[in-house]
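A.B. asks: Okay, so here is my_file.txt, and as you'll see once you scroll down, it has compact mmCIF, C-alpha atoms.
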# COMPACT_ATOMS: atom_id res chain seq x y z
CA MET A 228 16.95 10.70 12.33
CA ASP A 229 16.20 12.55 15.54
CA SER A 230 17.62 10.16 18.15
CA ARG A 231 15.06 11.21 20.77
CA ASN A 232 12.13 10.40 18.50
CA PHE A 233 13.78 7.12 17.52
CA GLN A 234 14.34 6.05 21.12
CA LYS A 235 10.86 7.19 22.07
CA TYR A 236 9.39 5.00 19.33
CA LEU A 237 11.48 2.00 20.35
CA SER A 238 10.38 2.44 23.97
CA ARG A 239 6.74 2.20 22.91
CA ILE A 240 7.13 -1.15 21.16
CA LYS A 241 4.83 -3.44 23.09
CA ARG A 242 6.48 -6.66 22.04
CA PRO A 243 10.17 -6.58 21.08
CA ALA A 244 10.76 -9.70 19.02
CA ALA A 245 13.75 -12.04 19.05
CA ILE A 246 15.42 -12.34 15.65
CA GLU A 247 17.03 -15.63 14.63
CA PRO A 248 19.97 -15.86 14.12
CA ALA A 249 20.89 -12.81 16.18
CA PRO A 250 22.24 -10.13 13.78
CA CYS A 251 25.87 -9.27 14.47
CA ARG A 252 26.14 -6.16 12.25
CA LEU A 253 24.12 -3.26 10.88
CA PHE A 254 22.38 -3.33 7.50
CA HIS A 255 21.57 -0.58 5.04
CA HIS A 256 18.05 -1.83 4.25
CA ALA A 257 15.52 -4.48 5.28
CA VAL A 258 12.82 -6.57 3.60
CA VAL A 259 10.07 -7.74 5.96
CA ILE A 260 7.95 -10.74 4.93
CA PRO A 261 5.02 -12.01 7.06
CA ALA A 262 4.44 -15.73 6.54
CA LEU A 263 1.40 -17.74 7.60
CA ALA A 264 1.36 -21.31 6.25
CA GLU A 265 3.70 -20.36 3.41
CA ALA A 266 6.23 -23.21 3.46
CA ASP A 267 5.44 -23.95 -0.20
CA ASN A 268 5.52 -20.34 -1.43
CA LEU A 269 8.20 -18.54 0.59
CA PRO A 270 11.18 -20.33 -1.02
CA ASP A 271 10.21 -18.96 -4.44
CA THR A 272 9.97 -15.43 -3.02
CA LEU A 273 13.38 -15.77 -1.34
CA ALA A 274 14.84 -17.21 -4.55
CA VAL A 275 13.85 -14.18 -6.64
CA LEU A 276 15.22 -11.87 -3.95
CA ALA A 277 18.47 -13.84 -4.08
CA VAL A 278 19.11 -12.87 -7.71
CA ASN A 279 18.92 -9.14 -6.96
CA ASN A 280 22.05 -7.01 -7.17
CA HIS A 281 24.63 -8.85 -5.05
CA ALA A 282 26.21 -5.75 -3.52
CA VAL A 283 22.81 -4.37 -2.49
CA LEU A 284 21.59 -7.75 -1.23
CA SER A 285 24.68 -8.14 0.94
CA GLU A 286 23.67 -4.98 2.79
CA THR A 287 19.99 -5.94 3.06
CA MET A 288 18.40 -7.81 5.94
CA VAL A 289 15.61 -10.16 4.79
CA LEU A 290 13.37 -10.87 7.77
CA VAL A 291 10.59 -13.49 7.67
CA VAL A 292 7.93 -13.24 10.37
CA VAL A 293 6.49 -16.75 10.74
CA ASN A 294 3.24 -16.07 12.54
CA ASN A 295 -0.08 -17.43 13.72
CA SER A 296 -2.43 -16.84 16.62
CA THR A 297 -3.69 -19.28 19.21
CA GLU A 298 -6.88 -19.62 17.14
CA THR A 299 -5.12 -20.53 13.89
CA CYS A 300 -6.08 -23.98 12.61
CA ALA A 301 -3.71 -26.84 13.37
CA ASP A 302 -2.72 -27.44 9.71
CA LYS A 303 -1.45 -23.88 9.32
CA VAL A 304 0.46 -24.02 12.59
CA LYS A 305 2.03 -27.29 11.46
CA ASP A 306 3.05 -25.64 8.19
CA ASN A 307 4.63 -22.77 10.14
CA GLN A 308 6.59 -25.15 12.31
CA LEU A 309 7.81 -27.00 9.21
CA LEU A 310 9.00 -23.67 7.78
CA LEU A 311 10.77 -22.68 10.99
CA SER A 312 12.52 -26.03 11.13
CA GLY A 313 13.62 -25.69 7.50
CA LEU A 314 14.95 -22.17 8.06
CA ARG A 315 16.84 -23.23 11.17
CA ASN A 316 18.43 -26.12 9.29
CA GLY A 317 19.49 -23.76 6.49
CA GLY A 318 18.27 -26.01 3.72
CA GLN A 319 18.03 -24.79 0.11
CA ARG A 320 14.43 -26.00 -0.04
CA PHE A 321 13.31 -23.29 2.38
CA CYS A 322 15.99 -20.58 2.17
CA GLY A 323 15.83 -20.00 -1.57
CA GLY A 324 19.54 -19.38 -1.93
CA LEU A 325 19.82 -16.84 0.90
CA VAL A 326 22.19 -17.65 3.76
CA PRO A 327 20.82 -17.63 7.32
CA GLY A 328 22.70 -15.16 9.48
CA GLU A 329 24.16 -13.32 6.48
CA SER A 330 21.10 -11.90 4.72
CA LEU A 331 18.28 -14.18 5.91
CA PHE A 332 16.69 -13.94 9.37
CA TRP A 333 13.34 -14.81 10.91
CA ILE A 334 11.09 -14.27 13.89
CA ASP A 335 9.21 -17.12 15.53
CA ALA A 336 5.74 -15.72 16.18
CA SER A 337 4.19 -19.16 15.89
CA SER A 338 5.40 -21.42 18.70
CA PRO A 339 3.44 -21.69 21.98
CA GLY A 340 3.75 -18.47 23.95
CA LEU A 341 5.11 -16.50 20.98
CA GLU A 342 1.96 -16.21 18.87
CA ILE A 343 0.54 -12.91 17.64
CA SER A 344 -2.82 -11.80 19.05
CA ASP A 345 -6.03 -13.33 17.81
CA LYS A 346 -7.17 -10.06 16.22
CA GLY A 347 -3.81 -8.76 14.97
CA GLY A 348 -3.32 -10.72 11.77
CA VAL A 349 -1.04 -9.55 8.98
CA GLY A 350 -0.85 -5.98 10.27
CA GLU A 351 0.55 -7.11 13.60
CA ALA A 352 2.97 -9.47 11.85
CA ARG A 353 4.21 -6.71 9.55
CA LYS A 354 4.62 -4.35 12.47
CA LEU A 355 6.44 -6.97 14.51
CA GLY A 356 9.02 -7.37 11.77
CA MET A 357 9.32 -3.71 10.80
CA ASP A 358 9.79 -2.69 14.43
CA ALA A 359 12.33 -5.47 14.94
CA VAL A 360 14.64 -4.37 12.11
CA LEU A 361 14.95 -0.76 13.30
CA PRO A 362 17.84 -1.28 15.79
CA HIS A 363 19.76 -3.21 13.12
CA LEU A 364 19.75 -0.49 10.45
CA ASP A 365 22.66 1.80 9.75
CA PHE A 366 21.25 5.33 9.69
CA ALA A 367 24.57 6.67 8.44
CA ALA A 368 24.23 4.54 5.29
CA ARG A 369 24.44 6.18 1.88
CA PRO A 370 23.42 6.96 -0.86
CA VAL A 371 20.00 6.90 0.82
CA SER A 372 18.90 6.48 4.40
CA PRO A 373 17.68 2.98 5.33
CA LEU A 374 14.67 1.62 3.49
CA ILE A 375 12.16 -0.92 4.78
CA PHE A 376 10.50 -3.02 2.08
CA CYS A 377 7.13 -4.69 2.67
CA LEU A 378 6.70 -7.98 0.82
CA ASP A 379 4.40 -10.99 1.06
CA ALA A 380 5.55 -14.60 1.20
CA ASP A 381 3.74 -15.43 -2.04
CA THR A 382 4.82 -12.30 -3.98
CA LEU A 383 7.55 -12.42 -6.63
CA VAL A 384 9.86 -9.55 -7.60
CA GLU A 385 12.16 -8.63 -10.47
CA PRO A 386 15.99 -8.70 -10.28
CA GLY A 387 16.05 -4.90 -10.06
CA TYR A 388 13.64 -4.74 -7.13
CA LEU A 389 16.07 -3.56 -4.44
CA LEU A 390 18.28 -1.34 -6.58
CA SER A 391 15.35 0.44 -8.26
CA ALA A 392 14.03 1.58 -4.87
CA ILE A 393 17.44 2.84 -3.78
CA GLU A 394 17.81 4.80 -7.00
CA PHE A 395 14.27 6.16 -6.66
CA PHE A 396 14.83 7.51 -3.16
CA SER A 397 18.21 8.88 -4.21
CA CYS A 398 16.30 11.05 -6.68
CA HIS A 399 13.41 11.75 -4.29
CA PRO A 400 14.91 11.94 -0.78
CA GLU A 401 12.03 14.10 0.43
CA LEU A 402 9.45 11.32 0.04
CA ALA A 403 8.35 9.10 2.92
CA GLY A 404 7.37 6.06 0.89
CA ALA A 405 6.61 4.59 -2.51
CA VAL A 406 4.73 1.80 -4.25
CA PHE A 407 6.16 -0.44 -6.95
CA ARG A 408 4.43 -1.10 -10.23
CA PHE A 409 2.58 -4.40 -9.99
CA ARG A 410 0.68 -7.07 -11.81
CA HIS A 411 -0.95 -10.08 -10.21
CA GLN A 412 0.39 -13.49 -11.05
CA ASP A 413 -1.48 -15.51 -13.64
CA SER A 414 -3.54 -18.50 -12.59
CA ASN A 415 -4.14 -21.84 -14.27
CA ASP A 416 -7.79 -21.60 -13.18
CA PRO A 417 -9.82 -19.58 -15.77
CA ASP A 418 -12.34 -18.46 -13.15
CA GLU A 419 -9.57 -17.31 -10.83
CA SER A 420 -7.85 -15.48 -13.68
CA ALA A 421 -11.07 -13.67 -14.56
CA ALA A 422 -11.63 -12.75 -10.91
CA ILE A 423 -8.16 -11.28 -10.40
CA ALA A 424 -8.39 -9.42 -13.71
CA ARG A 425 -11.61 -7.77 -12.60
CA TYR A 426 -10.30 -6.90 -9.16
CA GLU A 427 -7.00 -5.55 -10.49
CA LEU A 428 -8.96 -3.37 -12.92
CA PHE A 429 -11.03 -2.15 -9.96
CA MET A 430 -7.83 -1.18 -8.12
CA ARG A 431 -6.39 0.56 -11.15
CA TYR A 432 -9.66 2.32 -11.96
CA TYR A 433 -9.91 3.74 -8.44
CA THR A 434 -6.35 5.07 -8.39
CA ILE A 435 -6.50 6.47 -11.93
CA ALA A 436 -9.82 8.15 -11.14
CA LEU A 437 -8.28 9.77 -8.06
CA ARG A 438 -5.35 10.95 -10.20
CA LEU A 439 -7.74 12.50 -12.70
CA ALA A 440 -9.51 14.22 -9.81
CA GLY A 441 -6.27 15.64 -8.44
CA SER A 442 -6.33 13.81 -5.11
CA PRO A 443 -3.02 13.58 -3.22
CA TYR A 444 -4.07 10.07 -2.16
CA ALA A 445 -3.95 8.63 -5.68
CA TYR A 446 -1.62 5.70 -5.00
CA TYR A 447 -1.98 1.95 -4.62
CA SER A 448 -2.49 0.65 -1.10
CA LEU A 449 -0.81 -2.67 -1.67
CA GLY A 450 1.17 -4.03 1.26
CA SER A 451 3.28 -6.34 -0.86
CA ALA A 452 4.40 -3.46 -3.10
CA THR A 453 5.27 -0.84 -0.47
CA VAL A 454 8.63 0.58 0.61
CA CYS A 455 9.36 3.44 2.99
CA THR A 456 12.31 5.12 4.63
CA ALA A 457 12.97 3.91 8.16
CA GLU A 458 12.85 7.48 9.39
CA ALA A 459 9.42 8.04 7.85
CA TYR A 460 8.27 4.72 9.31
CA VAL A 461 9.00 6.02 12.80
CA ARG A 462 7.54 9.47 12.13
CA ALA A 463 4.37 7.91 10.72
CA GLY A 464 3.87 5.88 13.90
CA GLY A 465 4.79 2.50 12.45
CA MET A 466 2.71 -0.13 10.69
CA ARG A 467 -0.93 -0.36 11.73
CA GLU A 468 -1.94 -3.45 13.72
CA ARG A 469 -4.94 -4.48 11.67
CA ASN A 470 -6.02 -7.77 10.17
CA GLY A 471 -6.58 -6.33 6.70
CA GLY A 472 -6.44 -2.70 5.61
CA GLU A 473 -3.17 -2.12 7.44
CA ASP A 474 -1.55 -1.04 4.16
CA PHE A 475 -4.31 1.50 3.46
CA TYR A 476 -3.88 3.30 6.78
CA PHE A 477 -0.09 3.04 6.73
CA MET A 478 0.13 4.53 3.24
CA GLN A 479 -2.19 7.32 4.35
CA ALA A 480 0.17 8.08 7.24
CA LEU A 481 3.19 8.07 4.90
CA GLN A 482 1.45 10.46 2.55
CA LYS A 483 0.79 12.85 5.44
CA THR A 484 4.34 12.43 6.75
CA GLY A 485 6.31 13.29 3.63
CA GLY A 486 4.44 12.17 0.55
CA THR A 487 4.55 9.03 -1.55
CA GLY A 488 5.69 8.17 -5.06
CA GLN A 489 5.65 5.32 -7.53
CA ILE A 490 8.65 3.22 -8.54
CA ASN A 491 8.26 2.50 -12.24
CA ALA A 492 11.65 0.88 -12.88
CA SER A 493 10.66 -2.47 -11.35
CA ARG A 494 7.54 -4.48 -10.62
CA VAL A 495 6.22 -6.89 -8.01
CA PHE A 496 3.89 -9.80 -8.73
CA PRO A 497 1.37 -10.45 -5.93
CA SER A 498 -0.42 -13.77 -5.72
CA SER A 499 -3.89 -14.16 -7.22
CA ARG A 500 -4.99 -16.75 -4.65
CA PRO A 501 -8.45 -16.53 -3.09
CA SER A 502 -8.06 -16.20 0.67
CA ASP A 503 -9.90 -16.13 3.96
CA ARG A 504 -6.91 -14.92 5.98
CA VAL A 505 -8.09 -11.33 6.26
CA PRO A 506 -11.64 -9.89 6.35
CA PHE A 507 -11.10 -7.68 3.30
CA GLY A 508 -8.48 -7.05 0.64
CA THR A 509 -7.33 -8.85 -2.48
CA GLY A 510 -7.76 -12.46 -1.33
CA PRO A 511 -11.33 -12.08 -0.02
CA ARG A 512 -12.34 -10.04 -3.08
CA ILE A 513 -11.07 -12.77 -5.40
CA ARG A 514 -12.95 -15.37 -3.37
CA ASP A 515 -16.16 -13.31 -3.47
CA ILE A 516 -15.99 -12.75 -7.22
CA MET A 517 -15.40 -16.46 -7.82
CA GLN A 518 -18.45 -17.19 -5.68
CA GLY A 519 -20.58 -15.03 -7.95
CA LYS A 520 -20.68 -11.76 -6.01
CA SER A 521 -20.79 -8.78 -8.34
CA LEU A 522 -18.01 -6.18 -8.29
CA LYS A 523 -19.22 -3.00 -9.92
CA PHE A 524 -17.19 0.18 -10.30
CA TYR A 525 -17.60 3.57 -8.63
CA HIS A 526 -19.52 6.05 -10.75
CA PRO A 527 -17.16 8.49 -12.54
CA ALA A 528 -19.46 11.38 -11.58
CA ILE A 529 -18.19 11.09 -8.01
CA PHE A 530 -14.63 11.70 -9.17
CA PHE A 531 -15.80 14.59 -11.34
CA GLU A 532 -17.15 16.15 -8.14
CA LEU A 533 -13.76 15.68 -6.50
CA LYS A 534 -12.05 17.19 -9.53
CA LYS A 535 -14.15 20.35 -9.18
CA LEU A 536 -13.25 20.56 -5.52
CA TYR A 537 -9.48 20.16 -6.00
CA ALA A 538 -9.49 22.57 -8.94
CA ALA A 539 -11.21 25.22 -6.82
CA ILE A 540 -8.73 24.74 -3.98
CA GLY A 541 -5.82 24.93 -6.41
CA ALA A 542 -7.12 28.28 -7.66
CA ILE A 543 -6.91 29.85 -4.19
CA HIS A 544 -3.76 31.99 -4.07
CA SER A 545 -4.16 34.06 -0.93
CA PRO A 546 -4.01 32.37 2.49
CA GLN A 547 -6.82 34.64 3.69
CA ASP A 548 -9.12 33.39 0.95
CA PHE A 549 -8.88 29.90 2.48
CA TYR A 550 -11.00 31.10 5.38
CA ARG A 551 -14.14 30.77 3.29
CA LEU A 552 -13.31 27.22 2.16
CA PRO A 553 -16.55 25.74 3.63
CA GLU A 554 -18.54 28.20 1.51
CA LEU A 555 -16.45 27.34 -1.54
CA VAL A 556 -17.19 23.64 -1.04
CA GLU A 557 -20.91 24.44 -1.10
CA GLU A 558 -20.49 26.52 -4.26
CA VAL A 559 -18.48 24.11 -6.41
CA LEU A 560 -19.99 20.75 -5.45
CA SER A 561 -23.46 19.58 -6.32
CA PRO A 562 -25.87 19.93 -3.37
CA ASP A 563 -25.91 16.17 -2.84
CA ALA A 564 -22.13 15.78 -2.79
CA ALA A 565 -21.69 18.88 -0.62
CA ARG A 566 -23.93 17.35 2.01
CA PHE A 567 -21.07 15.04 3.02
CA PHE A 568 -19.05 18.01 4.28
CA LYS A 569 -22.06 19.44 6.09
CA ASN A 570 -22.83 16.09 7.73
CA ASN A 571 -19.21 15.82 8.89
CA ALA A 572 -19.20 19.35 10.34
CA PHE A 573 -16.46 20.66 8.08
CA ASP A 574 -17.80 24.20 8.47
CA LYS A 575 -17.28 23.93 12.24
CA ALA A 576 -13.85 22.27 12.06
CA TRP A 577 -12.30 24.52 9.45
CA PRO A 578 -12.10 27.88 11.35
CA ASP A 579 -9.87 26.29 13.99
CA ILE A 580 -7.80 24.50 11.32
CA PHE A 581 -7.42 27.82 9.50
CA ARG A 582 -6.17 29.65 12.58
CA HIS A 583 -3.39 27.12 13.13
CA ASN A 584 -2.21 27.13 9.49
CA ARG A 585 -2.93 30.62 8.13
CA THR A 586 0.72 31.57 7.59
CA SER A 587 0.81 30.13 4.06
CA ARG A 588 -1.49 28.72 1.39
CA GLU A 589 0.65 25.57 1.22
CA ARG A 590 0.06 24.83 4.89
CA LEU A 591 -3.65 25.49 4.49
CA ALA A 592 -3.92 23.22 1.45
CA GLN A 593 -2.04 20.51 3.35
CA ALA A 594 -4.31 21.03 6.35
CA PHE A 595 -7.35 20.42 4.15
CA ASN A 596 -5.75 17.27 2.74
CA THR A 597 -5.08 16.10 6.28
CA TRP A 598 -8.75 16.54 7.21
CA PHE A 599 -9.99 15.16 3.88
CA ASP A 600 -7.57 12.23 3.84
CA ALA A 601 -7.69 8.86 2.06
CA PHE A 602 -10.23 7.46 4.51
CA ALA A 603 -12.42 10.58 4.34
CA THR A 604 -12.22 10.42 0.53
CA LEU A 605 -13.40 6.81 0.57
CA LYS A 606 -16.19 7.74 2.97
CA PHE A 607 -17.20 10.57 0.63
CA ILE A 608 -17.40 8.11 -2.28
CA HIS A 609 -19.49 5.66 -0.27
CA PHE A 610 -21.72 8.48 0.99
CA CYS A 611 -22.46 9.54 -2.57
CA GLU A 612 -23.15 6.07 -3.93
CA ASN A 613 -25.24 4.97 -0.95
CA ASN A 614 -27.49 8.03 -0.81
CA PHE A 615 -28.08 9.27 -4.34
CA PRO A 616 -29.17 7.30 -7.43
CA GLN A 617 -27.07 9.39 -9.84
CA PHE A 618 -23.92 8.10 -8.11
CA GLN A 619 -24.68 4.37 -8.04
CA ARG A 620 -22.02 1.97 -9.30
CA MET A 621 -21.64 1.00 -12.95
CA GLU A 622 -20.45 -1.96 -14.95
CA LEU A 623 -16.74 -2.06 -15.68
CA ASN A 624 -16.81 -1.04 -19.35
CA ASP A 625 -19.31 1.80 -18.86
CA ALA A 626 -17.37 3.20 -15.91
CA PHE A 627 -14.04 3.26 -17.77
CA ARG A 628 -15.62 4.70 -20.91
CA LEU A 629 -17.30 7.54 -19.03
CA LEU A 630 -14.24 8.23 -16.87
CA PHE A 631 -12.07 8.84 -19.95
CA GLU A 632 -14.74 10.48 -22.08
CA ASP A 633 -13.09 13.91 -21.93
CA GLU A 634 -9.47 12.70 -21.82
CA SER A 635 -7.30 12.89 -24.94
CA ILE A 636 -5.80 9.43 -24.58
CA ALA A 637 -5.56 7.26 -27.70
CA PHE A 638 -7.10 4.04 -26.45
CA PRO A 639 -7.33 1.19 -28.97
CA ALA A 640 -10.78 0.81 -30.52
CA GLY A 641 -13.14 -1.37 -28.51
CA ILE A 642 -10.73 -1.67 -25.59
CA PHE A 643 -13.41 -1.01 -22.98
CA ASP A 644 -15.43 -3.98 -24.21
CA ASP A 645 -12.75 -6.56 -23.44
CA MET A 646 -11.57 -6.86 -19.84
CA ARG A 647 -8.32 -8.68 -20.54
CA THR A 648 -7.29 -6.32 -23.35
CA LEU A 649 -7.95 -3.31 -21.15
CA LEU A 650 -5.97 -4.79 -18.26
CA ASP A 651 -3.01 -5.60 -20.50
CA PHE A 652 -3.07 -2.07 -21.88
CA LEU A 653 -3.03 -0.52 -18.42
CA ARG A 654 -0.33 -2.90 -17.20
CA ASN A 655 1.91 -2.03 -20.12
CA ALA A 656 1.14 1.65 -20.63
CA ASP A 657 4.35 3.26 -21.85
CA GLU A 658 6.09 6.51 -21.03
CA ARG A 659 3.42 8.56 -22.80
CA PHE A 660 1.23 8.25 -19.71
CA PRO A 661 3.62 8.25 -16.72
CA ASP A 662 1.45 10.33 -14.42
CA LEU A 663 -1.86 8.70 -15.21
CA LEU A 664 -1.69 5.14 -16.44
CA LEU A 665 1.77 3.82 -15.64
CA CYS A 666 1.08 1.74 -12.56
Can the structure in the file be given as C-alpha cells, please?

C.D. replies:
Amino acid sequence: MDSRNFQKYLSRIKRPAAIEPAPCRLFHHAVVIPALAEADNLPDTLAVLAVNNHAVLSETMVLVVVNNSTETCADKVKDNQLLLSGLRNGGQRFCGGLVPGESLFWIDASSPGLEISDKGGVGEARKLGMDAVLPHLDFAARPVSPLIFCLDADTLVEPGYLLSAIEFFSCHPELAGAVFRFRHQDSNDPDESAAIARYELFMRYYTIALRLAGSPYAYYSLGSATVCTAEAYVRAGGMRERNGGEDFYFMQALQKTGGTGQINASRVFPSSRPSDRVPFGTGPRIRDIMQGKSLKFYHPAIFFELKKLYAAIGAIHSPQDFYRLPELVEEVLSPDAARFFKNNAFDKAWPDIFRHNRTSRERLAQAFNTWFDAFATLKFIHFCENNFPQFQRMELNDAFRLLFEDESIAFPAGIFDDMRTLLDFLRNADERFPDLLLC
C-alpha cells in the first residue's frame, strides 16, 4: 500500500477508537462485527468463527463494535453493557470460544461519552471498527494482503469462511472486494419464513437480472457477506457512515476501485429477524412483508433495455466511436427509457468525460460505468417503473418466468409457481450456472 495514502486516510479518521484489550501484535486479517443489543446472538456467531481453520484464525483479529447512540432505548443499552461486561470477564457464555486479547477484541461505543452519533447507525459502527483495525494489520502478510471481513452479530458462517476468502483473493489479487454466497437462516415462524423467502428471492432476482443485462454492478449488497482488501478499503474511502444502505454504497465504491467478485466456496447465513434498527434493508423489508405490505418485482422489460444498452457499448471497438455514445443511447433504448439519460443531462456530461478518457476504449467504457453506477442504475429502474405503465412491477412468478423466457436454462417444471421450490433451486444451483445463478 502507498504509505502516503494510508497515512492520509488515517489522519482523516474523525474518531479513532480504543480497542480492548490493546493489541500487542499485527494480524494478517480482521473480522469486524457491529453489535447493538446482541448479547444473546453474538456468542453463536463467535462460536462458528472459532471453528474456522486454526492457523488462519490465529492470525485474524475479530473485533466487536458494541454500539448505541444517546437516543437508543434503555433496554438495548442495558443489553450492550451486559455484553461488554461479559467480554471483559472473558466468559465462555459471551466469547464463544475465542480468547480475549489473542483473537477477540472489542470497542466500547456504548458507554456514556463513547456512543456513536444519533444518525450514524450500523454504517458508523462498521466504519469505526474497520478504521480501527487498519493500524494493526500486517501489510507484508502473504499469501494475500490483509483482508477485512464484514459480519453481523446475528450472522452464522461455515468452517471454511476465512480460508475460502484467502484462497479466493490469492487467485484474484486484482479485485477490491467480494461477496460470499448466502442464505438466510430459517425461522420457526411460518409468516417470517415466507417473508424472508420472498425478500431473498427479490434480492436474487435483482442481481440475476443485472447479470443477464451485463451490468458490472451485478453483485449482492449484503453487509454481513462482504470482504475487501484493506488496501482497497482505504482507496475506496472507507465504509460509508449511513444508517442503512452503507453496504450498497461501499460495494459500489469497491467495484469502481478494483472490481468485485463472488466467493462460492463458502456461505454466510444472515438472520431472518424483522427489525426496526435501520430505515431500509433486510430487517425492515421482512417487517413490512409480515405486516401485509406487498413486495412486487421489477419488470423484466427494464433489464432488457439495459441489456440492449450494454450490448451496444460492448460492440464499440474504436475509442473515437465512443464520442457519439449519447446518440447511441437514444438509438438503442426505447424512447421512454432513453428519457432518463436526457433528464440527467448525459449528453452534456459525456463530451467532457470523453476528453479525459479518450486514450482507450477500456477507459471510456469504465468512465461510462462510473457515471452510470449502481445508484444511477437503480434510479433508472425506478424512473422507468414510476413513469411508464409498461414497466410497472409484476408478481414474483410472472417476473421470473418472463425474465428467463429466452434463456436456455433447464428449470424444473412448475418451479415458478412455488416460491419455496424456486428459492431452494437458486440457493443450490450447481456448477452448471456459476456466472448466473450460483449466489

A.B. asks: Quick one: residues within 7 Å of Arg410 in chain A, all atoms listed in the file counted, chain neighbours fewer than 2 positions away excluded, as a VMD selection string?

C.D. replies: chain A and resid 412 495 to 497 654

A.B. asks: For Phe618 in chain A, list every protein, DNA or RNA residue within 9 Å, evaluated using all atoms listed in the file, and leave out those in the same chain fewer than 6 positions away; present the list as a list in words.

C.D. replies: Tyr525, His526, Pro527, Ala528, Ile529, Ile608, Cys611 and Glu612 of chain A

A.B. asks: Give me the residues near Thr604 in chain A as a PyMOL selection string, where near means some atom within 12 Å (using only C-alpha atoms) and where sequence neighbours in that chain fewer than 4 positions away do not count.

C.D. replies: chain A and resi 433-434+437+440-445+479+529-530+532-533+536+564+567-568+595-600+608-611

A.B. asks: Using Å and a single decimal, report how far CA of Ala603 in chain A sits from CA of Asp563 in chain A.

C.D. replies: 16.3 Å

A.B. asks: Hey, which of A:Arg462, A:His281, A:Arg425, A:Lys569 ends up closest to Gly387 in chain A? Count all atoms listed in the file.

C.D. replies: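 Of A:Arg462, A:His281, A:Arg425, A:Lys569, the one nearest Gly387 in chain A, counting all atoms listed in the file, is A:His281.
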
A.B. asks: Tell me which of A:Ser493, A:Gly323, A:Tyr432, A:Thr487 sits closest to Ala626 in chain A, counting all atoms listed in the file.

C.D. replies: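 Of the candidates, the smallest distance to Ala626 in chain A is held by A:Tyr432.
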
A.B. asks: Using all atoms listed in the file, find the one residue out of A:Glu385, A:Asp644, A:Pro362, A:Leu341 that sits nearest to Val278 in chain A.

C.D. replies: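 Nearest to Val278 in chain A: A:Glu385.
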
A.B. asks: Pick out the residues sitting within 9 Å of Glu329 in chain A, and hand them over as a list in words; count all atoms listed in the file, and ignore anything fewer than 3 positions along from it in its own chain.

C.D. replies: Pro250, Ser285, Met288, Leu325, Val326 and Phe332 of chain A

A.B. asks: Given only C-alpha atoms as the basis, pick out the residue of A:Val371, A:Leu428, A:Val406, A:Leu560 nearest to Tyr447 in chain A.

C.D. replies: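 The shortest atom-to-atom distance to Tyr447 in chain A comes from A:Val406.
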
A.B. asks: Which is closest to Ala656 in chain A among A:Arg408, A:Lys523, A:Lys354, A:His256, if we use only C-alpha atoms?

C.D. replies: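 Ranked by minimum distance to Ala656 in chain A, first place goes to A:Arg408.
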
A.B. asks: Nearest residue to Glu622 in chain A out of A:Leu361, A:Ala403, A:Gly485, A:Phe643, using all atoms listed in the file?

C.D. replies: A:Phe643

A.B. asks: Using all atoms listed in the file, which protein or nucleic acid residues come within 10 Å of Ala244 in chain A? Drop anything in the same chain fewer than 4 positions from it, and give the result as a ChimeraX atom specification.

C.D. replies: /A:240,292,333-336,341,355-356,358-360

A.B. asks: What box, with edges along x, y and z, holds each listed atom of range 472-481 of chain A when 6 Å is added on every side, and can you state its centre and edge lengths in Å to one decimal, as JSON?

C.D. replies:
{"center_x": -1.6, "center_y": 2.7, "center_z": 5.3, "size_x": 21.6, "size_y": 22.8, "size_z": 16.2}

A.B. asks: Need the neighbours of (-2.6, -22.7, 10.9): which residues are at most 12 Å away, counting only C-alpha atoms, as a list in words?

C.D. replies: Ala262, Leu263, Ala264, Glu265, Ala266, Val293, Asn294, Asn295, Ser296, Thr297, Glu298, Thr299, Cys300, Ala301, Asp302, Lys303, Val304, Lys305, Asp306, Asn307, Gln308, Leu309, Ser337, Ser338, Glu342 and Arg504 of chain A

A.B. asks: For the atom pair CA of Pro511 in chain A and CA of Pro616 in chain A, what is the interatomic distance in Å to one decimal place?

C.D. replies: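 CA of Pro511 in chain A sits 27.4 Å away from CA of Pro616 in chain A.
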
A.B. asks: Just to confirm, what's the straight-line distance from CA of Gly488 in chain A to CA of Ala452 in chain A in Å (one decimal)?

C.D. replies: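 If I compute the distance from CA of Gly488 in chain A to CA of Ala452 in chain A, I get 11.9 Å.
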
A.B. asks: Output as a compact mmCIF listing (two decimals), keeping the file's coordinate frame: range 390-398 of chain A, completed with N, CA and C atoms.

C.D. replies:
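Output file selection38.txt follows:
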# COMPACT_ATOMS: atom_id res chain seq x y z
N LEU A 390 17.51 -2.46 -6.06
CA LEU A 390 18.28 -1.34 -6.58
C LEU A 390 17.38 -0.22 -7.10
N SER A 391 16.25 -0.59 -7.71
CA SER A 391 15.35 0.44 -8.26
C SER A 391 14.80 1.34 -7.15
N ALA A 392 14.53 0.77 -5.98
CA ALA A 392 14.03 1.58 -4.87
C ALA A 392 15.11 2.51 -4.34
N ILE A 393 16.33 2.00 -4.25
CA ILE A 393 17.44 2.84 -3.78
C ILE A 393 17.66 4.01 -4.72
N GLU A 394 17.63 3.73 -6.02
CA GLU A 394 17.81 4.80 -7.00
C GLU A 394 16.65 5.78 -6.96
N PHE A 395 15.44 5.28 -6.73
CA PHE A 395 14.27 6.16 -6.66
C PHE A 395 14.39 7.14 -5.50
N PHE A 396 14.73 6.63 -4.32
CA PHE A 396 14.83 7.51 -3.16
C PHE A 396 16.07 8.40 -3.22
N SER A 397 17.07 8.00 -3.98
CA SER A 397 18.21 8.88 -4.21
C SER A 397 17.77 10.12 -4.98
N CYS A 398 16.83 9.93 -5.90
CA CYS A 398 16.30 11.05 -6.68
C CYS A 398 15.19 11.80 -5.96
